[in-house]
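Undergrad: Next up is a structure, given as structure tokens.
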Amino acid sequence: MRISILGGTGEFGEGLAIRWSRAHEVIIGSRFKEKAEKEAKEYAIKAASAYLEDMKGNIIGMENSQAASIADVIVLTIPAQYLYNFLETLKDKINKDAMIISPVVPITKKDLKFFYDPAIIKQGATSAAEEIAKILQTDKVIAALHTIPAKKIADPYHRLNYDVPFCTDNKNIIDQFVKLIKDLSIHLNPLYVGGLDLASLVESLTLTILNISINSKIWNLSIKFVE
Ligand SMILES: NC(=O)c1ccc[n+]([C@@H]2O[C@H](COP(=O)([O-])OP(=O)(O)OC[C@H]3O[C@@H](n4cnc5c(N)ncnc54)[C@H](OP(=O)(O)O)[C@@H]3O)[C@@H](O)[C@H]2O)c1
């Protein structure tokens with residue numbers, strides 16, 4: 001698979017790129033071609049030293065629009081407040097058949113508290129994933145990975161033993177998505193929550209985690225449901 005991580009030069013993109021490069025062709029997208037190429041090179045070195053001969057894929061860097069046009073899978077690792085303009089500018093370049101994975105969490109912070117606030121994307125927005133589906137006019141959007149801490153995913157030796165609740169309106173892409181999650185770590189456990197009209201529930205789980213972290217001084221938390 002060719003996976004383009006748009007805004008992949010940031011904290012969250014790094015771990016996804018390193019882990020997926022074991023089996024996939026990964027493209028780091030950036031607004032700046034040179035930055036993308038530089039980060040991609042650094043991630044590729046980390047991946048090669050972690051996976052050795054098990055590394056079957058690679059990591060390269062490109063400007064976002066080029067990366068978006070040739071991808072089978074697009075991951076939007078863009079901060080929520082920039083998402084609307086970013087997609088409006090890029091929407092004609094995006095491969096219409098691509099699966100779009102959104103880990104985007106719309107967050108506002110007030111008085112040391114974190115709140116779920118999709119209006120930072122656009123007035124009236126109900127979740128990041130629904131807004132993405134509207135702008136790109138595709139049903140291939142999957143809301144997922146919001147509760148995976150960047151620091152944990154970026155460490156290729158860390159056992160990611162977490163649940164991954166996800167939402168999508170297109171059940172035909174679920175098998176392919178589950179395989180992609182397992183390619184990040186066999187210990188990740190994807191759990192289907194429902195359609196994108198429930199995406200706000202999944203996105204806002206992160207806010208509970210962040211507020212626990214601030215008040216309980218426990219960092220890089222994730223979630224696992226128990227029976
Ligand atoms: N960090 C986490 O632990 C975590 C966990 C789960 C989900 N998420 C979600 O994943 C997304 C990325 O998180 P992150 O921590 O990686 O974010 P980040 O490091 O703050 O930013 C990611 C990238 O976004 C690009 N960017 C910045 N401003 C932009 C603008 N105005 N227009 C277009 N692109 C811009 C930058 O890439 P260039 O400068 O190279 O263009 C930057 O490297 C967020 O939506 C976040 O909610 C994060």
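Chain labels follow the order of the structure tokens: the first chain is A, the next B, and so on; residue numbering restarts at 1 in every chain, and ligands are counted from 1 in their shown order.
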Taking only C-alpha atoms and all ligand atoms into account, which residues are within 9 Å of ligand 1, as a PDB file with N, CA, C and O atoms, in the first residue's frame?
TA:
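Saved result, pocket14.pdb, follows:
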```pdb
ATOM      1  N   LEU A   6      -0.234  13.205   5.575  1.00  0.00           N
ATOM      2  CA  LEU A   6      -0.176  14.649   5.307  1.00  0.00           C
ATOM      3  C   LEU A   6       0.013  15.388   6.632  1.00  0.00           C
ATOM      4  O   LEU A   6      -0.695  15.116   7.609  1.00  0.00           O
ATOM      5  N   GLY A   7       0.990  16.299   6.663  1.00  0.00           N
ATOM      6  CA  GLY A   7       1.393  16.872   7.956  1.00  0.00           C
ATOM      7  C   GLY A   7       2.188  15.847   8.749  1.00  0.00           C
ATOM      8  O   GLY A   7       2.286  15.920   9.970  1.00  0.00           O
ATOM      9  N   GLY A   8       2.770  14.911   8.028  1.00  0.00           N
ATOM     10  CA  GLY A   8       3.480  13.786   8.668  1.00  0.00           C
ATOM     11  C   GLY A   8       4.803  14.166   9.299  1.00  0.00           C
ATOM     12  O   GLY A   8       5.465  13.327   9.917  1.00  0.00           O
ATOM     13  N   THR A   9       5.203  15.424   9.182  1.00  0.00           N
ATOM     14  CA  THR A   9       6.431  15.906   9.818  1.00  0.00           C
ATOM     15  C   THR A   9       6.237  16.185  11.311  1.00  0.00           C
ATOM     16  O   THR A   9       7.198  16.494  12.008  1.00  0.00           O
ATOM     17  N   GLY A  10       4.996  16.097  11.783  1.00  0.00           N
ATOM     18  CA  GLY A  10       4.700  16.422  13.183  1.00  0.00           C
ATOM     19  C   GLY A  10       4.902  15.231  14.098  1.00  0.00           C
ATOM     20  O   GLY A  10       5.359  14.163  13.685  1.00  0.00           O
ATOM     21  N   GLU A  11       4.504  15.445  15.355  1.00  0.00           N
ATOM     22  CA  GLU A  11       4.748  14.444  16.392  1.00  0.00           C
ATOM     23  C   GLU A  11       4.076  13.098  16.080  1.00  0.00           C
ATOM     24  O   GLU A  11       4.672  12.044  16.247  1.00  0.00           O
ATOM     25  N   PHE A  12       2.835  13.163  15.625  1.00  0.00           N
ATOM     26  CA  PHE A  12       2.073  11.916  15.464  1.00  0.00           C
ATOM     27  C   PHE A  12       2.467  11.173  14.185  1.00  0.00           C
ATOM     28  O   PHE A  12       2.480   9.945  14.144  1.00  0.00           O
ATOM     29  N   GLY A  13       2.799  11.930  13.137  1.00  0.00           N
ATOM     30  CA  GLY A  13       3.144  11.309  11.856  1.00  0.00           C
ATOM     31  C   GLY A  13       4.379  10.430  11.936  1.00  0.00           C
ATOM     32  O   GLY A  13       4.467   9.401  11.264  1.00  0.00           O
ATOM     33  N   GLU A  14       5.319  10.830  12.776  1.00  0.00           N
ATOM     34  CA  GLU A  14       6.584  10.099  12.844  1.00  0.00           C
ATOM     35  C   GLU A  14       6.382   8.618  13.189  1.00  0.00           C
ATOM     36  O   GLU A  14       6.887   7.731  12.498  1.00  0.00           O
ATOM     37  N   ILE A  28       5.788  10.940   3.518  1.00  0.00           N
ATOM     38  CA  ILE A  28       5.585  12.034   4.470  1.00  0.00           C
ATOM     39  C   ILE A  28       5.223  13.276   3.663  1.00  0.00           C
ATOM     40  O   ILE A  28       5.985  13.691   2.789  1.00  0.00           O
ATOM     41  N   GLY A  29       4.055  13.841   3.953  1.00  0.00           N
ATOM     42  CA  GLY A  29       3.640  15.074   3.288  1.00  0.00           C
ATOM     43  C   GLY A  29       3.901  16.274   4.177  1.00  0.00           C
ATOM     44  O   GLY A  29       3.803  16.190   5.406  1.00  0.00           O
ATOM     45  N   SER A  30       4.259  17.381   3.540  1.00  0.00           N
ATOM     46  CA  SER A  30       4.488  18.627   4.264  1.00  0.00           C
ATOM     47  C   SER A  30       4.138  19.784   3.339  1.00  0.00           C
ATOM     48  O   SER A  30       4.086  19.615   2.120  1.00  0.00           O
ATOM     49  N   ARG A  31       3.954  20.977   3.919  1.00  0.00           N
ATOM     50  CA  ARG A  31       3.801  22.157   3.071  1.00  0.00           C
ATOM     51  C   ARG A  31       5.129  22.458   2.377  1.00  0.00           C
ATOM     52  O   ARG A  31       5.174  23.152   1.395  1.00  0.00           O
ATOM     53  N   PHE A  32       6.201  21.928   2.940  1.00  0.00           N
ATOM     54  CA  PHE A  32       7.547  22.261   2.445  1.00  0.00           C
ATOM     55  C   PHE A  32       8.265  20.979   2.022  1.00  0.00           C
ATOM     56  O   PHE A  32       8.541  20.111   2.865  1.00  0.00           O
ATOM     57  N   LYS A  33       8.573  20.907   0.732  1.00  0.00           N
ATOM     58  CA  LYS A  33       9.180  19.692   0.162  1.00  0.00           C
ATOM     59  C   LYS A  33      10.472  19.296   0.902  1.00  0.00           C
ATOM     60  O   LYS A  33      10.651  18.131   1.271  1.00  0.00           O
ATOM     61  N   LYS A  35      11.495  20.011   3.886  1.00  0.00           N
ATOM     62  CA  LYS A  35      11.227  19.542   5.257  1.00  0.00           C
ATOM     63  C   LYS A  35      10.738  18.088   5.217  1.00  0.00           C
ATOM     64  O   LYS A  35      11.183  17.245   5.997  1.00  0.00           O
ATOM     65  N   ALA A  36       9.847  17.801   4.275  1.00  0.00           N
ATOM     66  CA  ALA A  36       9.320  16.433   4.144  1.00  0.00           C
ATOM     67  C   ALA A  36      10.446  15.451   3.853  1.00  0.00           C
ATOM     68  O   ALA A  36      10.530  14.375   4.460  1.00  0.00           O
ATOM     69  N   GLU A  39      12.711  14.999   7.065  1.00  0.00           N
ATOM     70  CA  GLU A  39      12.087  14.176   8.119  1.00  0.00           C
ATOM     71  C   GLU A  39      11.974  12.722   7.665  1.00  0.00           C
ATOM     72  O   GLU A  39      12.222  11.802   8.441  1.00  0.00           O
ATOM     73  N   GLU A  63       5.838  17.215  -1.076  1.00  0.00           N
ATOM     74  CA  GLU A  63       4.892  18.283  -0.748  1.00  0.00           C
ATOM     75  C   GLU A  63       3.493  17.644  -0.629  1.00  0.00           C
ATOM     76  O   GLU A  63       3.178  16.674  -1.329  1.00  0.00           O
ATOM     77  N   ASN A  64       2.657  18.170   0.272  1.00  0.00           N
ATOM     78  CA  ASN A  64       1.365  17.536   0.581  1.00  0.00           C
ATOM     79  C   ASN A  64       0.524  17.189  -0.647  1.00  0.00           C
ATOM     80  O   ASN A  64      -0.040  16.096  -0.736  1.00  0.00           O
ATOM     81  N   LEU A  76      -4.599  12.141   7.805  1.00  0.00           N
ATOM     82  CA  LEU A  76      -4.589  13.600   7.981  1.00  0.00           C
ATOM     83  C   LEU A  76      -4.057  13.936   9.375  1.00  0.00           C
ATOM     84  O   LEU A  76      -4.824  14.023  10.335  1.00  0.00           O
ATOM     85  N   THR A  77      -2.742  14.102   9.482  1.00  0.00           N
ATOM     86  CA  THR A  77      -2.168  14.473  10.787  1.00  0.00           C
ATOM     87  C   THR A  77      -1.945  15.991  10.817  1.00  0.00           C
ATOM     88  O   THR A  77      -0.814  16.467  10.912  1.00  0.00           O
ATOM     89  N   ILE A  78      -3.058  16.685  10.728  1.00  0.00           N
ATOM     90  CA  ILE A  78      -3.055  18.154  10.688  1.00  0.00           C
ATOM     91  C   ILE A  78      -3.799  18.655  11.922  1.00  0.00           C
ATOM     92  O   ILE A  78      -4.875  18.136  12.246  1.00  0.00           O
ATOM     93  N   PRO A  79      -3.280  19.654  12.628  1.00  0.00           N
ATOM     94  CA  PRO A  79      -4.029  20.219  13.762  1.00  0.00           C
ATOM     95  C   PRO A  79      -5.402  20.730  13.300  1.00  0.00           C
ATOM     96  O   PRO A  79      -5.526  21.329  12.231  1.00  0.00           O
ATOM     97  N   ALA A  80      -6.416  20.495  14.131  1.00  0.00           N
ATOM     98  CA  ALA A  80      -7.819  20.739  13.740  1.00  0.00           C
ATOM     99  C   ALA A  80      -8.067  22.164  13.250  1.00  0.00           C
ATOM    100  O   ALA A  80      -8.829  22.385  12.302  1.00  0.00           O
ATOM    101  N   GLN A  81      -7.407  23.131  13.866  1.00  0.00           N
ATOM    102  CA  GLN A  81      -7.713  24.534  13.526  1.00  0.00           C
ATOM    103  C   GLN A  81      -7.292  24.899  12.105  1.00  0.00           C
ATOM    104  O   GLN A  81      -7.753  25.899  11.567  1.00  0.00           O
ATOM    105  N   TYR A  82      -6.404  24.091  11.506  1.00  0.00           N
ATOM    106  CA  TYR A  82      -5.945  24.379  10.134  1.00  0.00           C
ATOM    107  C   TYR A  82      -6.623  23.479   9.096  1.00  0.00           C
ATOM    108  O   TYR A  82      -6.387  23.620   7.901  1.00  0.00           O
ATOM    109  N   LEU A  83      -7.413  22.525   9.575  1.00  0.00           N
ATOM    110  CA  LEU A  83      -7.920  21.457   8.706  1.00  0.00           C
ATOM    111  C   LEU A  83      -8.794  21.972   7.564  1.00  0.00           C
ATOM    112  O   LEU A  83      -8.659  21.542   6.416  1.00  0.00           O
ATOM    113  N   ASN A  85      -9.100  24.968   5.946  1.00  0.00           N
ATOM    114  CA  ASN A  85      -8.374  25.640   4.853  1.00  0.00           C
ATOM    115  C   ASN A  85      -7.465  24.667   4.121  1.00  0.00           C
ATOM    116  O   ASN A  85      -7.345  24.709   2.889  1.00  0.00           O
ATOM    117  N   PHE A  86      -6.838  23.793   4.903  1.00  0.00           N
ATOM    118  CA  PHE A  86      -5.928  22.802   4.320  1.00  0.00           C
ATOM    119  C   PHE A  86      -6.670  21.946   3.288  1.00  0.00           C
ATOM    120  O   PHE A  86      -6.219  21.784   2.157  1.00  0.00           O
ATOM    121  N   LEU A  87      -7.824  21.437   3.664  1.00  0.00           N
ATOM    122  CA  LEU A  87      -8.565  20.547   2.752  1.00  0.00           C
ATOM    123  C   LEU A  87      -9.200  21.302   1.597  1.00  0.00           C
ATOM    124  O   LEU A  87      -9.251  20.799   0.480  1.00  0.00           O
ATOM    125  N   SER A 102      -8.676   9.760   9.698  1.00  0.00           N
ATOM    126  CA  SER A 102      -8.587  11.002  10.470  1.00  0.00           C
ATOM    127  C   SER A 102      -8.360  10.720  11.951  1.00  0.00           C
ATOM    128  O   SER A 102      -9.262  10.232  12.640  1.00  0.00           O
ATOM    129  N   PRO A 103      -7.167  11.056  12.471  1.00  0.00           N
ATOM    130  CA  PRO A 103      -6.939  10.999  13.914  1.00  0.00           C
ATOM    131  C   PRO A 103      -7.184  12.373  14.562  1.00  0.00           C
ATOM    132  O   PRO A 103      -6.854  12.584  15.723  1.00  0.00           O
ATOM    133  N   VAL A 104      -7.766  13.305  13.785  1.00  0.00           N
ATOM    134  CA  VAL A 104      -7.839  14.712  14.209  1.00  0.00           C
ATOM    135  C   VAL A 104      -8.773  14.883  15.413  1.00  0.00           C
ATOM    136  O   VAL A 104      -9.920  14.431  15.395  1.00  0.00           O
ATOM    137  N   VAL A 105      -8.259  15.566  16.430  1.00  0.00           N
ATOM    138  CA  VAL A 105      -9.060  15.857  17.632  1.00  0.00           C
ATOM    139  C   VAL A 105      -9.197  17.375  17.757  1.00  0.00           C
ATOM    140  O   VAL A 105      -8.196  18.068  17.964  1.00  0.00           O
ATOM    141  N   PRO A 106     -10.409  17.901  17.609  1.00  0.00           N
ATOM    142  CA  PRO A 106     -10.586  19.359  17.785  1.00  0.00           C
ATOM    143  C   PRO A 106     -10.612  19.712  19.282  1.00  0.00           C
ATOM    144  O   PRO A 106     -11.535  19.327  19.997  1.00  0.00           O
ATOM    145  N   ILE A 107      -9.600  20.442  19.691  1.00  0.00           N
ATOM    146  CA  ILE A 107      -9.405  20.724  21.131  1.00  0.00           C
ATOM    147  C   ILE A 107      -9.326  22.222  21.372  1.00  0.00           C
ATOM    148  O   ILE A 107      -8.670  22.935  20.610  1.00  0.00           O
ATOM    149  N   ALA A 128     -14.598  16.316  13.445  1.00  0.00           N
ATOM    150  CA  ALA A 128     -13.593  16.487  12.382  1.00  0.00           C
ATOM    151  C   ALA A 128     -13.875  15.531  11.229  1.00  0.00           C
ATOM    152  O   ALA A 128     -13.840  15.919  10.058  1.00  0.00           O
ATOM    153  N   ALA A 144     -10.209   7.486  13.508  1.00  0.00           N
ATOM    154  CA  ALA A 144      -9.504   6.473  14.311  1.00  0.00           C
ATOM    155  C   ALA A 144      -8.191   7.019  14.860  1.00  0.00           C
ATOM    156  O   ALA A 144      -7.706   8.060  14.402  1.00  0.00           O
ATOM    157  N   LEU A 145      -7.634   6.303  15.809  1.00  0.00           N
ATOM    158  CA  LEU A 145      -6.274   6.521  16.345  1.00  0.00           C
ATOM    159  C   LEU A 145      -6.149   7.734  17.263  1.00  0.00           C
ATOM    160  O   LEU A 145      -5.029   8.105  17.640  1.00  0.00           O
ATOM    161  N   HIS A 146      -7.270   8.349  17.634  1.00  0.00           N
ATOM    162  CA  HIS A 146      -7.211   9.575  18.437  1.00  0.00           C
ATOM    163  C   HIS A 146      -6.582   9.351  19.806  1.00  0.00           C
ATOM    164  O   HIS A 146      -6.039  10.290  20.390  1.00  0.00           O
ATOM    165  N   THR A 147      -6.693   8.140  20.323  1.00  0.00           N
ATOM    166  CA  THR A 147      -6.258   7.892  21.704  1.00  0.00           C
ATOM    167  C   THR A 147      -4.893   7.198  21.778  1.00  0.00           C
ATOM    168  O   THR A 147      -4.511   6.693  22.829  1.00  0.00           O
ATOM    169  N   ILE A 148      -4.185   7.176  20.638  1.00  0.00           N
ATOM    170  CA  ILE A 148      -2.840   6.582  20.657  1.00  0.00           C
ATOM    171  C   ILE A 148      -1.818   7.706  20.881  1.00  0.00           C
ATOM    172  O   ILE A 148      -1.704   8.622  20.072  1.00  0.00           O
ATOM    173  N   PRO A 149      -1.061   7.658  21.981  1.00  0.00           N
ATOM    174  CA  PRO A 149      -0.123   8.753  22.253  1.00  0.00           C
ATOM    175  C   PRO A 149       1.059   8.750  21.279  1.00  0.00           C
ATOM    176  O   PRO A 149       1.669   7.707  21.029  1.00  0.00           O
ATOM    177  N   ALA A 150       1.395   9.933  20.752  1.00  0.00           N
ATOM    178  CA  ALA A 150       2.482  10.057  19.769  1.00  0.00           C
ATOM    179  C   ALA A 150       3.792   9.465  20.305  1.00  0.00           C
ATOM    180  O   ALA A 150       4.516   8.788  19.580  1.00  0.00           O
ATOM    181  N   LYS A 151       4.087   9.713  21.579  1.00  0.00           N
ATOM    182  CA  LYS A 151       5.376   9.255  22.120  1.00  0.00           C
ATOM    183  C   LYS A 151       5.461   7.735  22.139  1.00  0.00           C
ATOM    184  O   LYS A 151       6.537   7.164  21.981  1.00  0.00           O
ATOM    185  N   LYS A 152       4.343   7.067  22.338  1.00  0.00           N
ATOM    186  CA  LYS A 152       4.351   5.599  22.397  1.00  0.00           C
ATOM    187  C   LYS A 152       4.459   5.001  21.003  1.00  0.00           C
ATOM    188  O   LYS A 152       5.166   4.031  20.779  1.00  0.00           O
ATOM    189  N   ILE A 153       3.733   5.582  20.054  1.00  0.00           N
ATOM    190  CA  ILE A 153       3.746   5.018  18.703  1.00  0.00           C
ATOM    191  C   ILE A 153       5.112   5.267  18.043  1.00  0.00           C
ATOM    192  O   ILE A 153       5.578   4.467  17.224  1.00  0.00           O
ATOM    193  N   GLU A 203     -13.686  10.899  18.910  1.00  0.00           N
ATOM    194  CA  GLU A 203     -12.718  12.012  18.955  1.00  0.00           C
ATOM    195  C   GLU A 203     -12.606  12.581  20.368  1.00  0.00           C
ATOM    196  O   GLU A 203     -11.519  12.949  20.819  1.00  0.00           O
ATOM    197  N   THR A 206     -10.254  11.495  23.693  1.00  0.00           N
ATOM    198  CA  THR A 206      -8.932  12.076  23.957  1.00  0.00           C
ATOM    199  C   THR A 206      -9.003  13.183  25.005  1.00  0.00           C
ATOM    200  O   THR A 206      -8.062  13.375  25.775  1.00  0.00           O
ATOM    201  N   ASN A 220       0.839  10.236  28.672  1.00  0.00           N
ATOM    202  CA  ASN A 220       0.797   9.285  27.553  1.00  0.00           C
ATOM    203  C   ASN A 220      -0.143   8.111  27.805  1.00  0.00           C
ATOM    204  O   ASN A 220       0.193   6.957  27.555  1.00  0.00           O
TER     205      ASN A 220
END
```
Undergrad: Would you give me, as a list in words, the residues in stretch 148-189 of chain A that DSSP reads as alpha helix (DSSP H)?
TA: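 Answer for stretch 148-189 of chain A, restricted to alpha helix (DSSP H): Ala150, Lys151, Lys152, Ile153, Ile174, Asp175, Gln176, Phe177, Val178, Lys179, Leu180, Ile181, Lys182, Asp183 and Leu184 of chain A.
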Undergrad: For the residues in that selection, give me N, CA and C atoms as a PDB file, in the first residue's frame.
TA:
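part-v3.pdb, freshly written:
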```pdb
ATOM      1  N   ALA A 150       1.395   9.933  20.752  1.00  0.00           N
ATOM      2  CA  ALA A 150       2.482  10.057  19.769  1.00  0.00           C
ATOM      3  C   ALA A 150       3.792   9.465  20.305  1.00  0.00           C
ATOM      4  N   LYS A 151       4.087   9.713  21.579  1.00  0.00           N
ATOM      5  CA  LYS A 151       5.376   9.255  22.120  1.00  0.00           C
ATOM      6  C   LYS A 151       5.461   7.735  22.139  1.00  0.00           C
ATOM      7  N   LYS A 152       4.343   7.067  22.338  1.00  0.00           N
ATOM      8  CA  LYS A 152       4.351   5.599  22.397  1.00  0.00           C
ATOM      9  C   LYS A 152       4.459   5.001  21.003  1.00  0.00           C
ATOM     10  N   ILE A 153       3.733   5.582  20.054  1.00  0.00           N
ATOM     11  CA  ILE A 153       3.746   5.018  18.703  1.00  0.00           C
ATOM     12  C   ILE A 153       5.112   5.267  18.043  1.00  0.00           C
ATOM     13  N   ILE A 174     -13.568  -1.695   5.963  1.00  0.00           N
ATOM     14  CA  ILE A 174     -13.167  -2.023   7.338  1.00  0.00           C
ATOM     15  C   ILE A 174     -12.059  -3.089   7.378  1.00  0.00           C
ATOM     16  N   ASP A 175     -12.165  -4.131   6.554  1.00  0.00           N
ATOM     17  CA  ASP A 175     -11.149  -5.198   6.594  1.00  0.00           C
ATOM     18  C   ASP A 175      -9.761  -4.651   6.273  1.00  0.00           C
ATOM     19  N   GLN A 176      -9.727  -3.799   5.255  1.00  0.00           N
ATOM     20  CA  GLN A 176      -8.452  -3.205   4.849  1.00  0.00           C
ATOM     21  C   GLN A 176      -7.897  -2.308   5.978  1.00  0.00           C
ATOM     22  N   PHE A 177      -8.795  -1.565   6.628  1.00  0.00           N
ATOM     23  CA  PHE A 177      -8.391  -0.691   7.735  1.00  0.00           C
ATOM     24  C   PHE A 177      -7.844  -1.525   8.905  1.00  0.00           C
ATOM     25  N   VAL A 178      -8.546  -2.597   9.242  1.00  0.00           N
ATOM     26  CA  VAL A 178      -8.112  -3.438  10.368  1.00  0.00           C
ATOM     27  C   VAL A 178      -6.706  -3.985  10.099  1.00  0.00           C
ATOM     28  N   LYS A 179      -6.459  -4.386   8.860  1.00  0.00           N
ATOM     29  CA  LYS A 179      -5.132  -4.897   8.514  1.00  0.00           C
ATOM     30  C   LYS A 179      -4.074  -3.791   8.698  1.00  0.00           C
ATOM     31  N   LEU A 180      -4.418  -2.577   8.304  1.00  0.00           N
ATOM     32  CA  LEU A 180      -3.465  -1.463   8.471  1.00  0.00           C
ATOM     33  C   LEU A 180      -3.148  -1.219   9.952  1.00  0.00           C
ATOM     34  N   ILE A 181      -4.160  -1.317  10.779  1.00  0.00           N
ATOM     35  CA  ILE A 181      -3.938  -1.113  12.228  1.00  0.00           C
ATOM     36  C   ILE A 181      -3.049  -2.226  12.779  1.00  0.00           C
ATOM     37  N   LYS A 182      -3.308  -3.454  12.337  1.00  0.00           N
ATOM     38  CA  LYS A 182      -2.483  -4.583  12.789  1.00  0.00           C
ATOM     39  C   LYS A 182      -1.047  -4.444  12.289  1.00  0.00           C
ATOM     40  N   ASP A 183      -0.871  -3.779  11.143  1.00  0.00           N
ATOM     41  CA  ASP A 183       0.484  -3.537  10.635  1.00  0.00           C
ATOM     42  C   ASP A 183       1.233  -2.510  11.494  1.00  0.00           C
ATOM     43  N   LEU A 184       0.494  -1.655  12.199  1.00  0.00           N
ATOM     44  CA  LEU A 184       1.153  -0.740  13.147  1.00  0.00           C
ATOM     45  C   LEU A 184       1.646  -1.525  14.357  1.00  0.00           C
TER      46      LEU A 184
END
```
Undergrad: Using only C-alpha atoms, pick whichever of A:Leu136, A:Leu205, A:Ile59, A:Leu52 has the shortest atom-to-atom distance to A:Val164.
TA: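 Comparing A:Leu136, A:Leu205, A:Ile59, A:Leu52 against A:Val164, the winner is A:Leu205.
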Undergrad: Run DSSP on the backbone and tell me which residues of stretch 17-212 of chain A come out as strand (DSSP E); list them as a PyMOL selection string.
TA: chain A and resi 25-30+58-63+73-76+99-102+107-110+113-116+141-143+163-168+189-194
Undergrad: Quote the spacing between atom CA of A:Ala71 and atom CA of A:Glu25 in Å to one decimal place.
TA: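 Atom CA of A:Ala71 sits 9.6 Å away from atom CA of A:Glu25.
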Undergrad: When you draw a straight line from atom CA of A:Leu210 to atom CA of A:Cys167, how long is it in Å?
TA: 21.0 Å
Undergrad: Would you list the contacts of A:Lys91 as an NGL selection string, taking every protein, DNA or RNA residue within 10 Å and counting only C-alpha atoms, but skipping same-chain residues closer than 6 positions in sequence?
TA: :A and (65 or 68-69 or 85 or 132 or 135-137)
Undergrad: Separation of atom CA of A:Leu160 and atom CA of A:Met99, in Å?
TA: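 About the pair atom CA of A:Leu160 and atom CA of A:Met99: they are 23.0 Å apart.
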Undergrad: Could you pull the residues within 7 Å of A:Asn189, counting only C-alpha atoms, minus those fewer than 2 positions along the same chain, as a list of chain:residue names?
TA: A:Tyr162, A:Asp163, A:Val164, A:His187, A:Leu191
Undergrad: Near A:Val75, within 6 Å and counting only C-alpha atoms, which residues show up once chain neighbours fewer than 4 positions away are dropped, as JSON, numbers by chain?
TA: {"A": [5, 100, 101]}
